[in-house]
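Peer 1: my_file_6.txt (compact mmCIF, C-alpha atoms and all ligand atoms) pasted underneath:
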```
# COMPACT_ATOMS: atom_id res chain seq x y z
CA MET A 201 0.00 0.00 0.00
CA SER A 202 1.43 3.39 -0.89
CA SER A 203 1.76 6.04 1.80
CA ALA A 204 -0.67 8.30 -0.07
CA LYS A 205 -3.46 5.84 0.68
CA ARG A 206 -2.53 5.48 4.31
CA PRO A 207 -4.35 7.57 6.86
CA PHE A 208 -1.81 9.94 8.44
CA TYR A 209 -2.38 8.57 11.95
CA ARG A 210 -1.02 5.20 10.83
CA SER A 211 2.40 6.68 10.12
CA LEU A 212 4.88 5.32 12.64
CA TYR A 213 6.72 8.62 12.63
CA LEU A 214 3.66 10.56 13.78
CA GLN A 215 2.75 7.92 16.30
CA VAL A 216 6.22 7.94 17.89
CA LEU A 217 6.42 11.75 17.75
CA THR A 218 3.06 12.07 19.49
CA ALA A 219 4.10 9.46 22.06
CA VAL A 220 7.37 11.26 22.82
CA VAL A 221 5.57 14.61 23.22
CA ILE A 222 2.93 13.08 25.54
CA GLY A 223 5.78 11.41 27.47
CA VAL A 224 7.50 14.77 27.94
CA PHE A 225 4.27 16.38 29.17
CA LEU A 226 3.41 13.54 31.53
CA GLY A 227 6.94 13.41 32.96
CA HIS A 228 7.02 17.17 33.39
CA PHE A 229 3.59 17.75 34.94
CA TYR A 230 3.21 14.42 36.76
CA PRO A 231 6.79 13.30 37.46
CA HIS A 232 5.72 10.53 39.82
CA LEU A 233 3.40 9.05 37.22
CA GLY A 234 6.09 9.56 34.57
CA THR A 235 8.63 7.45 36.45
CA GLU A 236 5.99 4.74 36.82
CA MET A 237 6.02 4.39 33.01
CA LYS A 238 9.55 2.95 33.03
CA PRO A 239 8.41 -0.67 32.45
CA LEU A 240 6.86 0.34 29.11
CA GLY A 241 10.23 1.57 27.82
CA ASP A 242 12.12 -1.35 29.36
CA GLY A 243 9.65 -3.83 27.87
CA PHE A 244 10.11 -2.43 24.38
CA ILE A 245 13.91 -2.55 24.66
CA LYS A 246 13.68 -6.14 25.91
CA LEU A 247 11.52 -7.08 22.93
CA ILE A 248 14.14 -5.67 20.56
CA LYS A 249 17.03 -7.26 22.44
CA MET A 250 15.22 -10.60 22.21
CA ILE A 251 15.43 -10.48 18.42
CA ILE A 252 18.88 -8.89 17.84
CA ALA A 253 21.06 -12.03 18.09
CA PRO A 254 18.98 -14.24 15.73
CA ILE A 255 18.60 -11.38 13.24
CA ILE A 256 22.34 -10.73 13.12
CA PHE A 257 22.99 -14.46 12.75
CA CYS A 258 20.55 -14.99 9.89
CA THR A 259 21.48 -11.78 8.03
CA VAL A 260 25.21 -12.47 8.20
CA VAL A 261 24.93 -16.15 7.30
CA VAL A 262 22.64 -15.47 4.32
CA GLY A 263 24.82 -12.53 3.27
CA ILE A 264 28.10 -14.44 3.40
CA ALA A 265 26.99 -17.91 2.29
CA GLY A 266 25.11 -16.36 -0.63
CA MET A 267 28.12 -14.42 -1.92
CA GLU A 268 29.86 -15.27 -5.12
CA ASP A 269 33.19 -13.72 -4.28
CA MET A 270 34.22 -14.74 -0.77
CA LYS A 271 37.25 -12.47 -0.81
CA LYS A 272 34.80 -9.59 -0.55
CA VAL A 273 33.94 -10.56 3.03
CA GLY A 274 37.48 -9.90 4.21
CA LYS A 275 37.62 -6.72 2.15
CA THR A 276 34.35 -5.47 3.64
CA GLY A 277 35.50 -6.25 7.19
CA GLY A 278 38.89 -4.61 6.66
CA LEU A 279 37.48 -1.48 5.04
CA ALA A 280 34.79 -1.18 7.70
CA LEU A 281 37.38 -1.31 10.48
CA LEU A 282 39.50 1.27 8.63
CA TYR A 283 36.50 3.59 8.30
CA PHE A 284 35.51 3.10 11.96
CA GLU A 285 39.03 3.84 13.16
CA LEU A 286 39.40 6.99 11.05
CA VAL A 287 35.99 8.47 11.73
CA SER A 288 35.70 7.67 15.44
CA THR A 289 39.21 9.09 16.02
CA LEU A 290 38.08 12.18 14.14
CA ALA A 291 35.06 12.37 16.46
CA LEU A 292 37.35 12.18 19.53
CA LEU A 293 39.46 14.94 18.00
CA VAL A 294 36.46 17.14 17.20
CA GLY A 295 35.26 16.79 20.82
CA LEU A 296 38.72 17.67 22.12
CA THR A 297 39.08 20.69 19.85
CA ILE A 298 35.67 22.18 20.60
CA VAL A 299 35.91 21.67 24.36
CA ASN A 300 39.21 23.56 24.26
CA LEU A 301 37.67 26.36 22.20
CA PHE A 302 34.45 26.77 24.20
CA GLN A 303 35.86 25.88 27.66
CA PRO A 304 32.41 24.94 29.06
CA GLY A 305 33.88 24.06 32.49
CA ALA A 306 36.10 27.13 32.92
CA GLY A 307 35.37 29.31 35.92
CA MET A 308 33.38 26.70 37.86
CA ASN A 309 36.30 26.31 40.31
CA VAL A 310 35.02 23.07 41.81
CA ASN A 311 37.12 21.43 44.50
CA PRO A 312 36.91 17.68 43.70
CA ALA A 313 37.41 16.84 47.38
CA THR A 314 34.07 18.48 48.21
CA LEU A 315 32.06 16.46 45.68
CA ASP A 316 29.66 13.75 46.81
CA THR A 317 31.07 10.68 45.05
CA LYS A 318 28.67 8.08 46.44
CA GLY A 319 26.71 8.00 43.15
CA ILE A 320 29.76 7.27 41.03
CA ALA A 321 31.33 4.61 43.25
CA ALA A 322 29.72 1.84 41.22
CA TYR A 323 31.45 3.07 38.06
CA THR A 324 34.94 3.80 39.31
CA GLY A 325 36.13 0.63 41.02
CA PRO A 326 39.59 -0.66 40.13
CA GLY A 327 40.08 -3.04 37.23
CA LYS A 328 37.05 -1.86 35.30
CA LEU A 329 39.06 -1.18 32.16
CA GLN A 330 39.52 -4.09 29.76
CA GLY A 331 42.90 -4.60 28.13
CA ALA A 332 43.10 -5.17 24.35
CA THR A 333 43.83 -8.90 24.80
CA GLU A 334 40.90 -9.33 27.15
CA PHE A 335 38.66 -7.41 24.75
CA LEU A 336 39.65 -9.65 21.84
CA LEU A 337 39.31 -12.83 23.90
CA ASP A 338 35.87 -11.68 24.96
CA ILE A 339 34.72 -11.77 21.34
CA ILE A 340 35.11 -15.56 21.47
CA PRO A 341 32.07 -16.98 23.27
CA SER A 342 32.54 -19.72 25.83
CA SER A 343 29.84 -21.55 23.90
CA VAL A 344 27.59 -20.74 20.97
CA VAL A 345 24.54 -21.03 23.18
CA ASP A 346 26.08 -18.61 25.67
CA ALA A 347 26.66 -16.01 22.92
CA PHE A 348 22.99 -16.19 21.94
CA ALA A 349 21.79 -16.35 25.53
CA LYS A 350 23.71 -13.18 26.43
CA GLY A 351 22.79 -11.54 23.14
CA ASP A 352 26.43 -10.46 22.80
CA ILE A 353 26.57 -8.78 19.38
CA LEU A 354 30.25 -9.36 18.57
CA GLN A 355 30.21 -12.97 19.77
CA VAL A 356 27.13 -13.77 17.68
CA LEU A 357 28.73 -12.00 14.72
CA LEU A 358 31.90 -14.09 15.00
CA PHE A 359 29.93 -17.34 15.00
CA ALA A 360 27.73 -16.13 12.14
CA VAL A 361 30.74 -15.26 9.97
CA LEU A 362 32.27 -18.71 10.57
CA PHE A 363 28.92 -20.40 9.89
CA GLY A 364 28.46 -18.36 6.72
CA PHE A 365 31.89 -19.34 5.41
CA ALA A 366 31.32 -23.00 6.19
CA LEU A 367 27.84 -23.02 4.65
CA HIS A 368 29.23 -21.42 1.50
CA LYS A 369 31.67 -24.30 1.24
CA PHE A 370 28.79 -26.75 1.49
CA GLY A 371 26.97 -25.18 -1.43
CA GLY A 372 25.59 -21.95 0.02
CA ARG A 373 22.55 -20.66 -1.86
CA GLY A 374 20.24 -23.47 -2.90
CA THR A 375 21.03 -25.77 0.02
CA LEU A 376 18.30 -26.67 2.49
CA VAL A 377 20.11 -25.01 5.40
CA PHE A 378 20.51 -21.79 3.43
CA ASP A 379 16.84 -21.73 2.46
CA MET A 380 15.78 -22.36 6.04
CA ILE A 381 17.96 -19.57 7.41
CA GLU A 382 16.85 -17.19 4.67
CA LYS A 383 13.20 -17.90 5.42
CA THR A 384 13.82 -17.63 9.15
CA SER A 385 15.39 -14.22 8.51
CA LYS A 386 12.20 -13.09 6.75
CA VAL A 387 10.09 -14.36 9.64
CA LEU A 388 12.33 -12.55 12.14
CA PHE A 389 11.99 -9.26 10.27
CA ASP A 390 8.24 -9.80 10.33
CA ILE A 391 8.49 -10.12 14.10
CA VAL A 392 10.39 -6.80 14.12
CA GLY A 393 7.44 -5.33 12.22
CA ILE A 394 5.08 -6.57 14.93
CA ILE A 395 7.33 -5.23 17.72
CA MET A 396 7.50 -1.85 15.97
CA LYS A 397 3.76 -1.50 16.39
CA VAL A 398 4.40 -1.00 20.11
CA ALA A 399 7.38 1.31 19.55
CA PRO A 400 5.26 4.40 20.31
CA ILE A 401 4.30 2.90 23.69
CA GLY A 402 7.96 2.12 24.43
CA ALA A 403 9.13 5.58 23.40
CA PHE A 404 6.35 7.15 25.47
CA GLY A 405 7.22 5.13 28.59
CA ALA A 406 10.96 5.75 28.33
CA MET A 407 10.51 9.48 27.71
CA ALA A 408 7.97 9.93 30.53
CA PHE A 409 10.42 8.16 32.84
CA THR A 410 13.41 10.28 31.74
CA ILE A 411 11.61 13.59 32.17
CA GLY A 412 9.82 12.44 35.35
CA LYS A 413 13.02 11.25 37.00
CA TYR A 414 15.56 13.82 35.82
CA GLY A 415 13.28 16.76 35.04
CA ILE A 416 13.49 19.13 32.08
CA ALA A 417 15.38 21.53 34.34
CA SER A 418 18.38 19.18 34.39
CA LEU A 419 18.60 19.69 30.62
CA PHE A 420 19.55 23.26 31.39
CA SER A 421 21.79 22.60 34.38
CA LEU A 422 25.38 22.57 33.23
CA GLY A 423 23.81 24.28 30.22
CA LYS A 424 27.14 25.29 28.74
CA LEU A 425 28.40 21.70 28.65
CA MET A 426 25.10 20.40 27.37
CA GLY A 427 24.87 23.15 24.73
CA THR A 428 28.46 22.64 23.61
CA PHE A 429 27.98 18.89 23.38
CA TYR A 430 24.70 19.05 21.44
CA LEU A 431 26.17 21.68 19.12
CA THR A 432 29.28 19.59 18.52
CA CYS A 433 27.14 16.55 17.68
CA LEU A 434 25.20 18.65 15.17
CA ILE A 435 28.41 20.02 13.65
CA PHE A 436 29.80 16.51 13.45
CA ILE A 437 26.66 15.18 11.75
CA PHE A 438 26.09 17.99 9.30
CA VAL A 439 29.66 19.03 8.57
CA VAL A 440 31.89 15.98 9.05
CA LEU A 441 29.39 13.27 8.12
CA GLY A 442 27.80 15.70 5.65
CA ILE A 443 31.08 16.03 3.76
CA ILE A 444 31.68 12.28 3.90
CA GLY A 445 28.18 11.75 2.49
CA ARG A 446 28.65 14.31 -0.28
CA LEU A 447 31.93 12.69 -1.27
CA HIS A 448 30.03 9.42 -1.60
CA GLY A 449 27.06 10.81 -3.50
CA PHE A 450 24.37 11.04 -0.82
CA SER A 451 22.93 13.68 1.44
CA VAL A 452 23.12 13.10 5.18
CA TRP A 453 20.04 15.28 5.56
CA LYS A 454 18.08 12.91 3.31
CA LEU A 455 19.44 9.94 5.23
CA ILE A 456 18.24 11.55 8.47
CA LYS A 457 14.78 12.07 6.97
CA TYR A 458 14.80 8.43 5.85
CA ILE A 459 15.56 7.17 9.37
CA LYS A 460 13.44 9.71 11.22
CA GLU A 461 11.27 7.12 12.96
CA GLU A 462 14.38 5.35 14.25
CA LEU A 463 15.84 8.64 15.45
CA LEU A 464 12.65 9.42 17.36
CA ILE A 465 12.60 5.98 18.95
CA VAL A 466 16.24 6.46 19.99
CA LEU A 467 15.35 9.90 21.36
CA GLY A 468 12.73 8.22 23.51
CA THR A 469 14.78 5.24 24.65
CA SER A 470 18.25 6.89 24.53
CA SER A 471 19.60 3.60 23.24
CA SER A 472 20.69 3.21 19.63
CA GLU A 473 20.50 -0.57 20.01
CA SER A 474 16.72 -0.25 20.30
CA VAL A 475 16.56 0.20 16.52
CA LEU A 476 19.39 -2.10 15.44
CA PRO A 477 17.16 -4.58 13.56
CA ARG A 478 15.25 -1.75 11.89
CA MET A 479 18.51 -0.13 10.78
CA MET A 480 19.60 -3.38 9.18
CA GLU A 481 16.29 -3.64 7.36
CA LYS A 482 16.35 -0.02 6.24
CA MET A 483 19.94 -0.13 5.01
CA GLU A 484 19.10 -3.18 2.91
CA ASN A 485 16.12 -1.29 1.54
CA LEU A 486 18.50 1.45 0.50
CA GLY A 487 20.30 -0.97 -1.76
CA VAL A 488 23.15 -2.13 0.48
CA ARG A 489 23.94 -5.80 0.03
CA LYS A 490 22.98 -8.09 2.92
CA SER A 491 26.55 -9.15 3.65
CA VAL A 492 27.66 -5.53 4.11
CA VAL A 493 24.68 -4.64 6.29
CA GLY A 494 25.27 -7.76 8.37
CA LEU A 495 28.93 -6.99 8.91
CA VAL A 496 28.97 -3.19 9.22
CA ILE A 497 25.94 -2.40 11.39
CA PRO A 498 26.60 -4.83 14.28
CA THR A 499 30.36 -4.10 14.32
CA GLY A 500 29.65 -0.37 14.16
CA TYR A 501 27.68 -0.69 17.41
CA SER A 502 31.02 -1.36 19.12
CA PHE A 503 33.63 0.29 16.94
CA ASN A 504 31.94 3.28 15.39
CA LEU A 505 30.22 5.19 18.15
CA ASP A 506 30.83 8.76 16.96
CA GLY A 507 28.55 10.44 19.51
CA THR A 508 30.13 8.49 22.35
CA SER A 509 33.60 9.45 21.09
CA ILE A 510 32.77 13.17 20.98
CA TYR A 511 31.36 12.86 24.50
CA LEU A 512 34.40 11.07 25.91
CA THR A 513 37.00 13.74 25.13
CA MET A 514 34.57 16.56 25.82
CA ALA A 515 33.38 15.30 29.20
CA ALA A 516 36.91 14.41 30.35
CA MET A 517 38.19 17.88 29.51
CA PHE A 518 35.08 19.52 31.00
CA ILE A 519 35.86 17.86 34.34
CA ALA A 520 39.49 19.02 34.11
CA GLN A 521 38.38 22.58 33.36
CA ALA A 522 35.69 22.62 36.09
CA THR A 523 38.14 21.36 38.72
CA ASP A 524 40.97 23.67 37.58
CA THR A 525 43.11 20.68 36.65
CA PRO A 526 45.71 21.80 34.11
CA MET A 527 46.04 19.47 31.12
CA THR A 528 49.08 19.95 28.90
CA LEU A 529 48.84 19.22 25.19
CA LEU A 530 50.82 16.03 25.73
CA GLN A 531 48.40 14.90 28.47
CA GLN A 532 45.46 15.63 26.20
CA VAL A 533 47.00 13.69 23.33
CA THR A 534 47.73 10.79 25.69
CA LEU A 535 44.12 10.84 26.88
CA LEU A 536 42.94 10.82 23.27
CA ALA A 537 45.22 7.88 22.44
CA VAL A 538 43.83 5.88 25.38
CA LEU A 539 40.27 6.77 24.40
CA VAL A 540 40.88 5.52 20.84
CA LEU A 541 41.14 2.08 22.43
CA THR A 542 38.74 2.31 25.36
CA SER A 543 35.93 3.90 23.31
CA LYS A 544 35.63 0.59 21.46
CA GLY A 545 34.32 -0.97 24.66
CA ALA A 546 31.19 1.20 24.60
CA ALA A 547 27.84 -0.05 23.32
CA GLY A 548 24.51 1.17 22.07
CA VAL A 549 22.80 0.93 25.43
CA THR A 550 21.94 3.85 27.63
CA GLY A 551 24.68 4.98 29.99
CA SER A 552 27.45 3.00 28.35
CA GLY A 553 29.35 6.15 27.35
CA PHE A 554 29.49 7.23 30.98
CA ILE A 555 30.73 3.80 32.08
CA VAL A 556 33.59 3.91 29.57
CA LEU A 557 34.49 7.45 30.64
CA ALA A 558 34.55 6.43 34.30
CA ALA A 559 36.67 3.36 33.58
CA THR A 560 39.12 5.35 31.46
CA LEU A 561 39.56 8.20 33.93
CA SER A 562 39.99 5.74 36.80
CA ALA A 563 42.73 3.95 34.86
CA VAL A 564 44.72 6.79 33.31
CA GLY A 565 44.83 9.37 36.08
CA GLY A 566 45.26 13.10 35.47
CA VAL A 567 41.61 14.17 35.37
CA PRO A 568 40.07 13.87 38.88
CA VAL A 569 37.70 10.88 38.89
CA ALA A 570 35.55 12.54 41.58
CA GLY A 571 34.61 15.10 38.91
CA LEU A 572 32.38 12.45 37.33
CA ALA A 573 29.89 13.31 40.08
CA LEU A 574 29.41 16.65 38.33
CA ILE A 575 27.99 15.10 35.17
CA LEU A 576 26.27 11.93 36.37
CA GLY A 577 22.99 13.76 37.00
CA ILE A 578 22.72 14.96 33.42
CA ASP A 579 23.94 11.76 31.83
CA ARG A 580 20.56 10.66 30.53
CA PHE A 581 20.36 13.81 28.41
CA MET A 582 23.95 13.39 27.24
CA SER A 583 23.08 9.79 26.40
CA GLU A 584 20.29 10.99 24.07
CA ALA A 585 22.74 12.98 21.93
CA ARG A 586 25.34 10.20 22.04
CA ALA A 587 22.82 7.63 20.85
CA LEU A 588 21.37 9.82 18.08
CA THR A 589 24.82 10.67 16.72
CA ASN A 590 25.90 7.03 16.94
CA LEU A 591 22.90 5.99 14.89
CA VAL A 592 23.46 8.51 12.10
CA GLY A 593 27.18 7.65 12.14
CA ASN A 594 26.43 3.97 11.60
CA GLY A 595 24.03 4.70 8.77
CA VAL A 596 26.68 6.79 7.01
CA ALA A 597 29.35 4.13 7.67
CA THR A 598 27.21 1.43 6.05
CA LEU A 599 26.62 3.44 2.89
CA VAL A 600 30.28 4.44 2.60
CA VAL A 601 31.67 0.91 3.13
CA ALA A 602 29.09 -0.45 0.68
CA GLN A 603 30.30 2.04 -1.92
CA TRP A 604 33.95 1.22 -1.26
CA THR A 605 33.28 -2.46 -1.86
CA GLY A 606 30.96 -1.90 -4.82
CA GLU A 607 28.01 -3.40 -2.92
CA LEU A 608 25.64 -0.46 -3.11
CA ASP A 609 22.90 -0.05 -5.67
CA THR A 610 23.21 3.72 -5.98
CA THR A 611 20.15 4.10 -8.23
CA ARG A 612 18.06 2.40 -5.63
CA MET A 613 19.64 4.44 -2.82
CA ARG A 614 18.81 7.72 -4.56
CA ALA A 615 15.26 6.60 -5.38
CA VAL A 616 14.54 5.55 -1.82
CA LEU A 617 16.21 8.59 -0.23
CA ASP A 618 14.12 10.86 -2.43
CA HIS A 619 10.93 9.35 -1.07
CA GLU A 620 10.39 10.30 2.47
CA THR A 621 8.18 7.68 4.00
CA TRP A 622 8.98 4.30 5.41
CA GLU A 623 6.02 2.85 3.56
CA GLU A 624 7.41 3.94 0.22
CA ALA A 625 10.87 2.79 1.21
CA GLN A 626 9.33 -0.57 1.93
CA GLU A 627 8.33 -0.91 -1.67
CA PRO A 628 11.40 0.32 -3.52
CA GLU A 629 10.52 -1.88 -6.48
CA ALA A 630 7.47 0.29 -7.00
CA ILE A 631 9.55 3.45 -6.69
CA LEU A 632 12.04 2.18 -9.20
CA GLU A 633 9.27 1.15 -11.56
CA ARG A 634 7.78 4.63 -11.36
CA GLU A 635 11.19 6.03 -12.16
CA GLY A 636 11.61 3.72 -15.11
CA GLU A 637 14.33 1.59 -13.50
CA PRO A 638 14.10 -2.18 -13.37
CA GLY A 639 13.56 -3.69 -9.91
CA ARG A 640 16.52 -5.14 -8.14
O1 LIG B 1 22.82 4.11 22.71
C1 LIG B 1 23.93 4.57 22.40
O2 LIG B 1 24.34 4.50 21.23
C2 LIG B 1 24.82 5.24 23.42
C3 LIG B 1 24.25 5.20 24.77
O3 LIG B 1 22.95 5.73 24.79
C4 LIG B 1 25.08 5.87 25.83
O4 LIG B 1 24.48 6.36 26.78
O5 LIG B 1 26.31 5.88 25.73
```
Hey, can you dump this file as structure tokens for me?
Peer 2:
Amino acid sequence: MSSAKRPFYRSLYLQVLTAVVIGVFLGHFYPHLGTEMKPLGDGFIKLIKMIIAPIIFCTVVVGIAGMEDMKKVGKTGGLALLYFELVSTLALLVGLTIVNLFQPGAGMNVNPATLDTKGIAAYTGPGKLQGATEFLLDIIPSSVVDAFAKGDILQVLLFAVLFGFALHKFGGRGTLVFDMIEKTSKVLFDIVGIIMKVAPIGAFGAMAFTIGKYGIASLFSLGKLMGTFYLTCLIFIFVVLGIIGRLHGFSVWKLIKYIKEELLIVLGTSSSESVLPRMMEKMENLGVRKSVVGLVIPTGYSFNLDGTSIYLTMAAMFIAQATDTPMTLLQQVTLLAVLVLTSKGAAGVTGSGFIVLAATLSAVGGVPVAGLALILGIDRFMSEARALTNLVGNGVATLVVAQWTGELDTTRMRAVLDHETWEEAQEPEAILEREGEPGR
């Protein structure tokens, strides 16, 4: 059914937008009631989490086992990691540069010894930082079942890649196992469609909780930090990612319009993982080959968190500025180098950026760890911007890597990006037909 025939109230975008606005009002005017809505948000995130591991498995297996040229898998993985490394380091650098220019913490003159650090104790214990070896070893699950049971994205991805390779050797496309997994994948995406029907309820519950618990006022406390951070995320999206998009023949603005429902859901839940399956589906609809979507999106949720990277350097330097802790250029560069590694331990779940910051500051010294108490109270609102930027960053990464490996149908991408609604994007064959292009 085309969007023109759909009544406007059936648009997911409008439903989620309305839900988020009602959530804000409820949380603001009836904070107690707002906090009571938490289970609605949690329930929605649990529903999505339930489906993430099997969806990644099926998408990656079908993508890899169905490929003609297996060398492309290694090329895609290598180029994706290269892109992630370059762009997330750039994000760390942008955060560091802007926090030095705007100095949002300067003049606060906080004595770290006077801060109440009870709230941050849970985040700053010793040994919280994973070494590189431990991180790599952690990608290997203790058992396949355990990887699925925990829903660990990288562990499931590793098993799926191995399974895909092995299945390809046994005939790949056309074998019974391949057909079963391909059909299962379709069923799973249908389940995502069913879960999305309750996305407005989830976004409403999570938003009502956020505003009810933390209050709109906390958005404006530490306003200079919050403003600088939000502004930097916008600059990063529209300038840095904008240029990257232009260089690769697409507009980031159009991409944002294309994923507007997902962005709203992430705004409500402040977790980019809450739309991971939808992002995979939408990127495929844009004309990115399954194998690329399957490899880039899940890996990006660990290695390409641009919003989290901006936050990490910015928040660390904010604490140094607020507590009058001098940081030489060498110290700042050292901090950045450590964050290049530690930022890869973050995830698309709410609060993970703060956890990585706490672990890094506890391990490297220099910036007073007690200063974390200054920003814990506003973390939920920082998390929103982190998650939104992470999501856009992963969308851009997928399109770029797909272009680099020649796995993007650019005609289809342009056709879909030019049509704003999800419903139309769901029937790209029809769009292409209207535009005189053969279906894919
Ligand atoms: O969800 C994300 O992508 C980030 C997360 O919300 C965070 O708080 O760090």
Peer 1: Atom CA of Leu561 of chain A and atom CA of Leu535 of chain A are how many Å apart?
Peer 2: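 One can read the atom CA of Leu561 of chain A to atom CA of Leu535 of chain A distance as 8.8 Å.
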Peer 1: For Arg612 of chain A, which residue among A:Thr384, A:Asn504, A:Thr550, A:Asn485 is the nearest when counting all atoms listed in the file?
Peer 2: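 Under the stated criterion, the closest residue is A:Asn485.
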Peer 1: For ligand LIG 1 (chain B), collect every residue having any atom at a distance of at most 7 Å from a ligand atom (counting only C-alpha atoms and all ligand atoms); output as a VMD selection string.
Peer 2: chain A and resid 470 to 473 505 508 546 to 554 580 583 to 584 586 to 588 590 to 591
Peer 1: What separation in Å, quoted to one decimal, exists between atom CA of Asp316 of chain A and atom CA of Pro568 of chain A?
Peer 2: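 Those two atoms sit 13.1 Å apart.
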Peer 1: Compare A:Ile298, A:Ala360, A:Leu226, A:Leu240 by their minimum atom-to-atom distance to Val262 of chain A, counting all atoms listed in the file, and give me the closest one.
Peer 2: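 Ranking A:Ile298, A:Ala360, A:Leu226, A:Leu240 by distance to Val262 of chain A, first place goes to A:Ala360.
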Peer 1: Please identify all polymer residues within 6 Å of segment 397-410 of chain A, counting all atoms listed in the file, omitting same-chain residues fewer than 4 positions from it, and present them as a PyMOL selection string.
Peer 2: chain A and resi 215-216+219-220+223-224+226-227+234-235+237-238+240-241+244+414+465+468-469
Peer 1: Those selected residues, please, written with C-alpha atoms and delivered as a PDB file, keeping the file's coordinate frame.
Peer 2:
```pdb
ATOM      1  CA  GLN A 215       2.750   7.920  16.300  1.00  0.00           C
ATOM      2  CA  VAL A 216       6.220   7.940  17.890  1.00  0.00           C
ATOM      3  CA  ALA A 219       4.100   9.460  22.060  1.00  0.00           C
ATOM      4  CA  VAL A 220       7.370  11.260  22.820  1.00  0.00           C
ATOM      5  CA  GLY A 223       5.780  11.410  27.470  1.00  0.00           C
ATOM      6  CA  VAL A 224       7.500  14.770  27.940  1.00  0.00           C
ATOM      7  CA  LEU A 226       3.410  13.540  31.530  1.00  0.00           C
ATOM      8  CA  GLY A 227       6.940  13.410  32.960  1.00  0.00           C
ATOM      9  CA  GLY A 234       6.090   9.560  34.570  1.00  0.00           C
ATOM     10  CA  THR A 235       8.630   7.450  36.450  1.00  0.00           C
ATOM     11  CA  MET A 237       6.020   4.390  33.010  1.00  0.00           C
ATOM     12  CA  LYS A 238       9.550   2.950  33.030  1.00  0.00           C
ATOM     13  CA  LEU A 240       6.860   0.340  29.110  1.00  0.00           C
ATOM     14  CA  GLY A 241      10.230   1.570  27.820  1.00  0.00           C
ATOM     15  CA  PHE A 244      10.110  -2.430  24.380  1.00  0.00           C
ATOM     16  CA  TYR A 414      15.560  13.820  35.820  1.00  0.00           C
ATOM     17  CA  ILE A 465      12.600   5.980  18.950  1.00  0.00           C
ATOM     18  CA  GLY A 468      12.730   8.220  23.510  1.00  0.00           C
ATOM     19  CA  THR A 469      14.780   5.240  24.650  1.00  0.00           C
TER      20      THR A 469
END
```
Peer 1: Contacts of Ala417 of chain A at 10 Å or less, counting all atoms listed in the file, minus same-chain residues fewer than 4 places along, as a list in words?
Peer 2: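 Contacts, in chain order: His228, Ile411, Ser421, Gly423 and Ile578 of chain A.
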